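Structure first, then comments.
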Amino acid sequence: MSTNAEIPANAPEHCPGVNSDQAGKGSACAGCPNQSICSTLPKGPDPDLDLINERMNKIKHKILVLSGKGGVGKSTVSAQLAFALSNKQNQVGILDVDICGPSIPKMFGTEGEEIHQSSEGWSPVYVDENLCLMSVAYLLSDPTDAVIWRGPKKNGLIKQFFRDVNWGDLDFLIVDTPPGTSDEHLSLSQYLKGTIDGAIIVTTPQEVALLDVRKEINFCRKANIPIIGVVENMSGFICPKCKIETKIFPPTSGGAIKMTEEMKVTLLGSISIDPLLTRACDEGRNFIQEFANSPTTIQINNIVERILSIIELNKTV
């Protein structure tokens, strides 16, 4: 009997589960978009899980940044969360598992850096003494190279990121993910099973984004991933001169406020479109530190405080 955590969100009704001997082979698998992935995944206990668990046990908190929709600003939210937490003197790592579209190195100004290996494993790239990164981009000879991989190869690299990277003792590991509920997400739920503090789900106000975000929320529930809350990105435009906010994308269906009420999840807050934030991301600078008193920084810091409060509250439950 398979459990909900073993069943992908887009699986057919009688899915045997990804760890079943019948995964990708049973009659229920016919026509499933995950059939080729499941048929090639190793079955039974993974011998690398003990080493992965040993690495992950040194990390106090693990947070996934997710969204069913692309282009909503997951990497921006991941980067600002990492900067904000490191500014509070936490030891922070950020893992970029967007294999085909890695953005994190650009946002931290570390493009062109290389991964170094030692007897302890792969060394992450350090932005500061308490902030380190890992991304497939550091393995590419040219940042414009396309990564054209099927599921099993993506799964193998993600496993290496958990098994081989010497993260050391961290207070927080933030995992920046691609959009959807596919290969990378199944790998994360497998390798971090039972150790994830929760997911931060990013959306924008438009219904076309909210529709896919609802699917992401349902994926988390099926995979037993706790949901910390939702961040509405690009909720308005803040003029860099007059500081007045204008709604660029009107929430025609009620936006994140209504959606979170319907889905019974927490709205962590909203982040406005800010040209200064966009430029800082493009140039790999710490926006929160440079513009400490800006309205956008205040929004981000308020969201971070809510995240920390929820994580602390969940520890006591």
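Labels used: A, B, ... for chains in the order of the structure tokens, numbers from 1 for residues in each chain, and numbers from 1 for ligands as shown.
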
Quick one: pick out all helix (DSSP H, G or I) residues within region 143-175 of chain A from a backbone DSSP run and write them as an MDAnalysis selection string. chainID A and resid 151:163

DSSP says strand (DSSP E or B) for which residues of region 168-293 of chain A? Put them as number ranges by chain? A: 170-176, 198-203, 227-238, 245-246, 267-273

Find the nearest atom pair between each residue of region 80-193 of chain A and region 55-65 of chain A for residues within 8 Å, count only C-alpha atoms, give distances in Å to one decimal, sort rows by chain and ascending number, and present the table as CSV.
residue,atom,partner,partner_atom,distance
A:Phe162,CA,A:Arg55,CA,7.2
A:Arg163,CA,A:Arg55,CA,6.9
A:Asn166,CA,A:Arg55,CA,7.4
A:Trp167,CA,A:Arg55,CA,7.3
A:Gly168,CA,A:Lys58,CA,6.4
A:Asp169,CA,A:Lys58,CA,4.9
A:Leu170,CA,A:Ile59,CA,4.7
A:Asp171,CA,A:Lys60,CA,5.0
A:Phe172,CA,A:His61,CA,4.7
A:Leu173,CA,A:Lys62,CA,4.8
A:Ile174,CA,A:Ile63,CA,4.9
A:Val175,CA,A:Leu64,CA,4.8
A:Asp176,CA,A:Val65,CA,5.2
A:Thr177,CA,A:Val65,CA,6.2

From the list A:Pro124, A:Pro12, A:Gly151, A:Gly109, which residue is nearest Val136 (chain A) when using only C-alpha atoms?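 When distances to Val136 (chain A) are compared using only C-alpha atoms, the smallest one comes from A:Pro124.
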
What gap, in Å, lies between CA of Val92 (chain A) and CA of Leu131 (chain A)?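 Calculated distance between CA of Val92 (chain A) and CA of Leu131 (chain A) is 4.9 Å.
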
Give me the residues near region 72-78 of chain A as a PyMOL selection string, where near means some atom within 10 Å (using only C-alpha atoms) and where sequence neighbours in that chain fewer than 5 positions away do not count. chain A and resi 63-67+83-84+94-96+98+102-104+107+174-179+200-205+209+231-234+271+277-278+281+300

Residues as selected, N, CA and C atoms, written as a CSV table (one decimal), in the first residue's frame, can you do that?
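Below is the file that was written, again34.csv:
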chain,number,residue,atom,x,y,z
A,63,ILE,N,13.9,25.1,4.6
A,63,ILE,CA,12.7,25.8,4.1
A,63,ILE,C,12.7,25.7,2.5
A,64,LEU,N,11.6,25.2,2.0
A,64,LEU,CA,11.5,25.2,0.5
A,64,LEU,C,10.7,26.4,0.1
A,65,VAL,N,11.2,27.0,-1.1
A,65,VAL,CA,10.5,28.1,-1.7
A,65,VAL,C,9.9,27.5,-3.0
A,66,LEU,N,8.6,27.5,-3.1
A,66,LEU,CA,7.9,26.8,-4.2
A,66,LEU,C,6.9,27.8,-4.8
A,67,SER,N,6.4,27.3,-6.0
A,67,SER,CA,5.3,27.9,-6.7
A,67,SER,C,4.9,27.0,-7.9
A,83,PHE,N,19.4,36.7,2.5
A,83,PHE,CA,20.1,37.9,3.0
A,83,PHE,C,19.6,38.4,4.3
A,84,ALA,N,18.2,38.4,4.5
A,84,ALA,CA,17.6,38.8,5.8
A,84,ALA,C,18.1,38.0,6.9
A,94,ILE,N,21.9,28.4,0.7
A,94,ILE,CA,20.8,28.4,-0.2
A,94,ILE,C,21.2,27.4,-1.3
A,95,LEU,N,20.3,26.5,-1.6
A,95,LEU,CA,20.5,25.5,-2.6
A,95,LEU,C,19.5,25.8,-3.7
A,96,ASP,N,20.1,25.9,-4.9
A,96,ASP,CA,19.3,26.2,-6.1
A,96,ASP,C,19.1,24.9,-6.9
A,98,ASP,N,16.8,24.6,-9.3
A,98,ASP,CA,16.2,24.9,-10.6
A,98,ASP,C,17.3,24.5,-11.6
A,102,PRO,N,18.9,28.1,-13.4
A,102,PRO,CA,19.4,28.6,-12.2
A,102,PRO,C,19.6,30.1,-12.2
A,103,SER,N,19.1,30.8,-11.2
A,103,SER,CA,19.2,32.3,-11.1
A,103,SER,C,20.0,32.7,-9.9
A,104,ILE,N,20.2,31.9,-8.9
A,104,ILE,CA,20.8,32.3,-7.6
A,104,ILE,C,22.2,32.8,-7.8
A,107,MET,N,22.0,36.5,-8.7
A,107,MET,CA,21.5,37.3,-7.7
A,107,MET,C,22.4,37.6,-6.5
A,174,ILE,N,17.9,27.2,2.7
A,174,ILE,CA,16.7,27.6,1.9
A,174,ILE,C,16.9,26.9,0.5
A,175,VAL,N,15.9,26.2,0.0
A,175,VAL,CA,15.9,25.5,-1.2
A,175,VAL,C,15.1,26.2,-2.2
A,176,ASP,N,15.7,26.8,-3.2
A,176,ASP,CA,15.0,27.5,-4.3
A,176,ASP,C,14.7,26.5,-5.4
A,177,THR,N,13.4,26.4,-5.8
A,177,THR,CA,12.9,25.3,-6.7
A,177,THR,C,12.4,25.9,-8.0
A,178,PRO,N,12.3,25.0,-9.0
A,178,PRO,CA,11.7,25.4,-10.2
A,178,PRO,C,10.1,25.4,-10.1
A,179,PRO,N,9.4,26.0,-11.0
A,179,PRO,CA,7.9,25.9,-10.9
A,179,PRO,C,7.4,24.5,-11.1
A,200,ILE,N,7.5,27.9,1.7
A,200,ILE,CA,7.0,29.2,1.4
A,200,ILE,C,6.5,29.2,0.0
A,201,ILE,N,5.3,29.5,-0.3
A,201,ILE,CA,4.7,29.4,-1.6
A,201,ILE,C,4.6,30.9,-2.2
A,202,VAL,N,5.1,31.1,-3.3
A,202,VAL,CA,5.1,32.5,-3.9
A,202,VAL,C,4.1,32.6,-5.0
A,203,THR,N,3.4,33.7,-5.0
A,203,THR,CA,2.4,33.9,-6.1
A,203,THR,C,2.5,35.4,-6.5
A,204,THR,N,1.7,35.7,-7.5
A,204,THR,CA,1.5,37.1,-7.9
A,204,THR,C,-0.1,37.3,-7.8
A,205,PRO,N,-0.6,38.5,-7.9
A,205,PRO,CA,-2.0,38.8,-7.7
A,205,PRO,C,-2.9,38.2,-8.8
A,209,ALA,N,-1.8,33.0,-12.1
A,209,ALA,CA,-0.8,32.5,-11.1
A,209,ALA,C,-1.4,31.8,-10.0
A,231,VAL,N,3.5,34.1,0.0
A,231,VAL,CA,4.0,35.5,-0.2
A,231,VAL,C,3.4,35.9,-1.5
A,232,GLU,N,2.8,37.1,-1.5
A,232,GLU,CA,2.3,37.7,-2.8
A,232,GLU,C,3.3,38.7,-3.3
A,233,ASN,N,4.0,38.3,-4.3
A,233,ASN,CA,5.1,39.1,-4.9
A,233,ASN,C,4.4,40.0,-6.0
A,234,MET,N,5.1,41.1,-6.3
A,234,MET,CA,4.6,42.1,-7.3
A,234,MET,C,3.2,42.6,-7.0
A,271,ILE,N,5.0,41.7,-1.3
A,271,ILE,CA,6.2,42.5,-1.7
A,271,ILE,C,5.9,43.2,-3.0
A,277,LEU,N,15.1,47.0,-6.0
A,277,LEU,CA,15.3,45.6,-5.7
A,277,LEU,C,15.6,44.8,-7.0
A,278,THR,N,15.0,45.1,-8.1
A,278,THR,CA,15.3,44.5,-9.4
A,278,THR,C,16.7,44.7,-9.8
A,281,CYS,N,19.2,42.7,-7.6
A,281,CYS,CA,19.2,41.3,-8.0
A,281,CYS,C,20.1,41.1,-9.2
A,300,ILE,N,9.8,43.0,3.4
A,300,ILE,CA,10.5,41.7,3.4
A,300,ILE,C,10.8,41.3,4.9

Please compute the CA of Leu210 (chain A)-CA of His185 (chain A) distance, one decimal, in Å.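 These two atoms are separated by 18.9 Å.
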
Test item: residues at most 8 Å from Asp274 (chain A), only C-alpha atoms, excluding those fewer than 5 positions along its chain, as number ranges by chain: A: 237-240, 296

All residues 12 Å or closer to Lys193 (chain A), only C-alpha atoms, same chain fewer than 3 positions away omitted, as an MDAnalysis selection string: chainID A and resid 5:6 49 52:53 56 62 185:190 196:198 220 223:226

Write the selection just made, keeping all heavy atoms, as a short mmCIF file (atom, residue, chain, number, x, y, z; two decimals), in the first residue's frame?
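Written output follows (selection-v4.cif):
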data_model
loop_
_atom_site.label_atom_id
_atom_site.label_comp_id
_atom_site.auth_asym_id
_atom_site.auth_seq_id
_atom_site.Cartn_x
_atom_site.Cartn_y
_atom_site.Cartn_z
N ALA A 5 2.64 10.47 0.57
CA ALA A 5 3.95 11.09 0.34
C ALA A 5 4.66 10.48 -0.84
O ALA A 5 5.56 11.07 -1.40
CB ALA A 5 4.81 10.96 1.59
N GLU A 6 4.26 9.23 -1.25
CA GLU A 6 4.91 8.55 -2.36
C GLU A 6 4.21 8.81 -3.68
O GLU A 6 4.65 8.35 -4.72
CB GLU A 6 4.93 7.04 -2.10
CG GLU A 6 5.72 6.62 -0.88
CD GLU A 6 5.54 5.13 -0.60
OE1 GLU A 6 4.64 4.52 -1.21
OE2 GLU A 6 6.29 4.59 0.21
N LEU A 49 20.84 7.41 1.70
CA LEU A 49 20.01 8.20 2.62
C LEU A 49 20.68 8.40 3.98
O LEU A 49 20.51 9.45 4.60
CB LEU A 49 18.64 7.54 2.81
CG LEU A 49 17.67 7.69 1.63
CD1 LEU A 49 16.35 7.02 1.95
CD2 LEU A 49 17.44 9.16 1.28
N ILE A 52 23.05 11.25 3.56
CA ILE A 52 22.28 12.48 3.40
C ILE A 52 21.73 12.92 4.75
O ILE A 52 21.81 14.11 5.11
CB ILE A 52 21.14 12.26 2.38
CG1 ILE A 52 21.72 12.10 0.97
CG2 ILE A 52 20.16 13.44 2.41
CD1 ILE A 52 20.70 11.71 -0.08
N ASN A 53 21.19 11.98 5.50
CA ASN A 53 20.64 12.31 6.83
C ASN A 53 21.72 12.86 7.76
O ASN A 53 21.48 13.77 8.55
CB ASN A 53 19.98 11.08 7.45
CG ASN A 53 18.69 10.69 6.75
OD1 ASN A 53 18.05 11.53 6.11
ND2 ASN A 53 18.31 9.44 6.84
N MET A 56 22.26 16.41 6.70
CA MET A 56 21.10 17.26 7.00
C MET A 56 20.89 17.45 8.49
O MET A 56 20.29 18.44 8.92
CB MET A 56 19.85 16.67 6.35
CG MET A 56 19.86 16.68 4.82
SD MET A 56 19.98 18.36 4.12
CE MET A 56 21.73 18.41 3.62
N LYS A 62 15.10 23.73 7.53
CA LYS A 62 15.10 23.59 6.07
C LYS A 62 13.79 24.14 5.52
O LYS A 62 12.71 23.72 5.94
CB LYS A 62 15.27 22.12 5.68
CG LYS A 62 16.52 21.49 6.30
CD LYS A 62 16.48 19.98 6.19
CE LYS A 62 17.53 19.35 7.09
NZ LYS A 62 17.17 19.45 8.53
N HIS A 185 10.80 18.29 -7.28
CA HIS A 185 9.98 18.33 -6.07
C HIS A 185 9.83 16.94 -5.46
O HIS A 185 9.85 16.78 -4.23
CB HIS A 185 8.61 18.93 -6.41
CG HIS A 185 8.71 20.24 -7.11
ND1 HIS A 185 8.94 20.30 -8.48
CD2 HIS A 185 8.65 21.51 -6.66
CE1 HIS A 185 9.01 21.59 -8.83
NE2 HIS A 185 8.85 22.33 -7.75
N LEU A 186 9.70 15.92 -6.31
CA LEU A 186 9.63 14.55 -5.81
C LEU A 186 10.95 14.16 -5.14
O LEU A 186 10.96 13.48 -4.11
CB LEU A 186 9.31 13.58 -6.95
CG LEU A 186 7.91 13.73 -7.57
CD1 LEU A 186 7.79 12.83 -8.79
CD2 LEU A 186 6.83 13.39 -6.56
N SER A 187 12.07 14.59 -5.73
CA SER A 187 13.38 14.29 -5.14
C SER A 187 13.52 14.96 -3.78
O SER A 187 14.01 14.34 -2.82
CB SER A 187 14.51 14.77 -6.07
OG SER A 187 14.47 14.08 -7.30
N LEU A 188 13.08 16.21 -3.67
CA LEU A 188 13.18 16.93 -2.39
C LEU A 188 12.35 16.25 -1.31
O LEU A 188 12.81 16.09 -0.17
CB LEU A 188 12.71 18.37 -2.57
CG LEU A 188 13.61 19.29 -3.41
CD1 LEU A 188 12.91 20.62 -3.66
CD2 LEU A 188 14.95 19.50 -2.74
N SER A 189 11.13 15.84 -1.67
CA SER A 189 10.28 15.20 -0.67
C SER A 189 10.85 13.85 -0.25
O SER A 189 10.62 13.40 0.88
CB SER A 189 8.85 15.03 -1.21
OG SER A 189 8.83 14.15 -2.32
N GLN A 190 11.63 13.21 -1.13
CA GLN A 190 12.26 11.93 -0.80
C GLN A 190 13.48 12.13 0.10
O GLN A 190 13.60 11.47 1.14
CB GLN A 190 12.68 11.21 -2.08
CG GLN A 190 13.42 9.89 -1.83
CD GLN A 190 13.96 9.27 -3.11
OE1 GLN A 190 13.78 9.81 -4.21
NE2 GLN A 190 14.64 8.14 -2.98
N ILE A 196 11.63 18.71 6.83
CA ILE A 196 11.38 20.05 6.28
C ILE A 196 10.54 20.86 7.26
O ILE A 196 9.49 20.43 7.69
CB ILE A 196 10.65 19.96 4.92
CG1 ILE A 196 11.49 19.14 3.91
CG2 ILE A 196 10.39 21.35 4.36
CD1 ILE A 196 10.73 18.79 2.65
N ASP A 197 11.03 22.06 7.61
CA ASP A 197 10.24 22.94 8.48
C ASP A 197 8.98 23.40 7.78
O ASP A 197 7.94 23.58 8.41
CB ASP A 197 11.08 24.15 8.89
CG ASP A 197 12.10 23.78 9.95
OD1 ASP A 197 13.17 23.28 9.58
OD2 ASP A 197 11.82 23.98 11.13
N GLY A 198 9.08 23.60 6.47
CA GLY A 198 7.90 24.00 5.74
C GLY A 198 8.23 24.65 4.42
O GLY A 198 9.39 24.88 4.08
N CYS A 220 1.81 19.97 -1.70
CA CYS A 220 2.43 19.95 -0.38
C CYS A 220 1.62 19.10 0.59
O CYS A 220 2.19 18.34 1.39
CB CYS A 220 2.57 21.38 0.16
SG CYS A 220 3.81 22.38 -0.66
N ALA A 223 2.14 15.46 -0.23
CA ALA A 223 3.51 15.03 0.06
C ALA A 223 3.88 15.22 1.53
O ALA A 223 5.03 15.01 1.91
CB ALA A 223 4.50 15.80 -0.82
N ASN A 224 2.92 15.63 2.34
CA ASN A 224 3.15 15.86 3.78
C ASN A 224 4.24 16.89 4.04
O ASN A 224 5.05 16.74 4.97
CB ASN A 224 3.49 14.54 4.49
CG ASN A 224 2.30 13.59 4.52
OD1 ASN A 224 1.15 14.02 4.62
ND2 ASN A 224 2.57 12.30 4.41
N ILE A 225 4.27 17.94 3.22
CA ILE A 225 5.20 19.05 3.42
C ILE A 225 4.44 20.17 4.11
O ILE A 225 3.47 20.70 3.55
CB ILE A 225 5.79 19.55 2.09
CG1 ILE A 225 6.60 18.44 1.41
CG2 ILE A 225 6.64 20.79 2.30
CD1 ILE A 225 7.05 18.79 0.00
N PRO A 226 4.82 20.56 5.34
CA PRO A 226 4.11 21.65 6.01
C PRO A 226 4.18 22.95 5.20
O PRO A 226 5.19 23.22 4.54
CB PRO A 226 4.85 21.80 7.34
CG PRO A 226 5.62 20.52 7.50
CD PRO A 226 5.94 20.02 6.13
#

Val208 (chain A): which residues within 12 Å, counting only C-alpha atoms, same-chain residues fewer than 3 positions away excluded, as a list in words?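 My reading of the contact set: Gly68, Lys69, Gly70, Gly71, Val72, Thr203, Thr204, Pro205, Leu211, Asp212, Val213, Arg214, Lys215, Phe249, Pro251, Thr252, Ser253, Gly255 and Ala256 of chain A.
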
Between CA of Lys154 (chain A) and CA of His116 (chain A), what distance in Å does the model show, to one decimal?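 Pair CA of Lys154 (chain A) / CA of His116 (chain A) returns 20.6 Å.
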
Using only C-alpha atoms, can you tell me which of A:Ile257, A:Ala82, A:Ala11, A:Cys29 comes closest to Thr181 (chain A)?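 Result for the nearest residue to Thr181 (chain A): A:Ala11.
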
Pick out the closest residue to Glu245 (chain A) from this set: A:Gly31, A:Pro295, A:Gly284, A:Gly269. Count only C-alpha atoms.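 Result for the nearest residue to Glu245 (chain A): A:Pro295.
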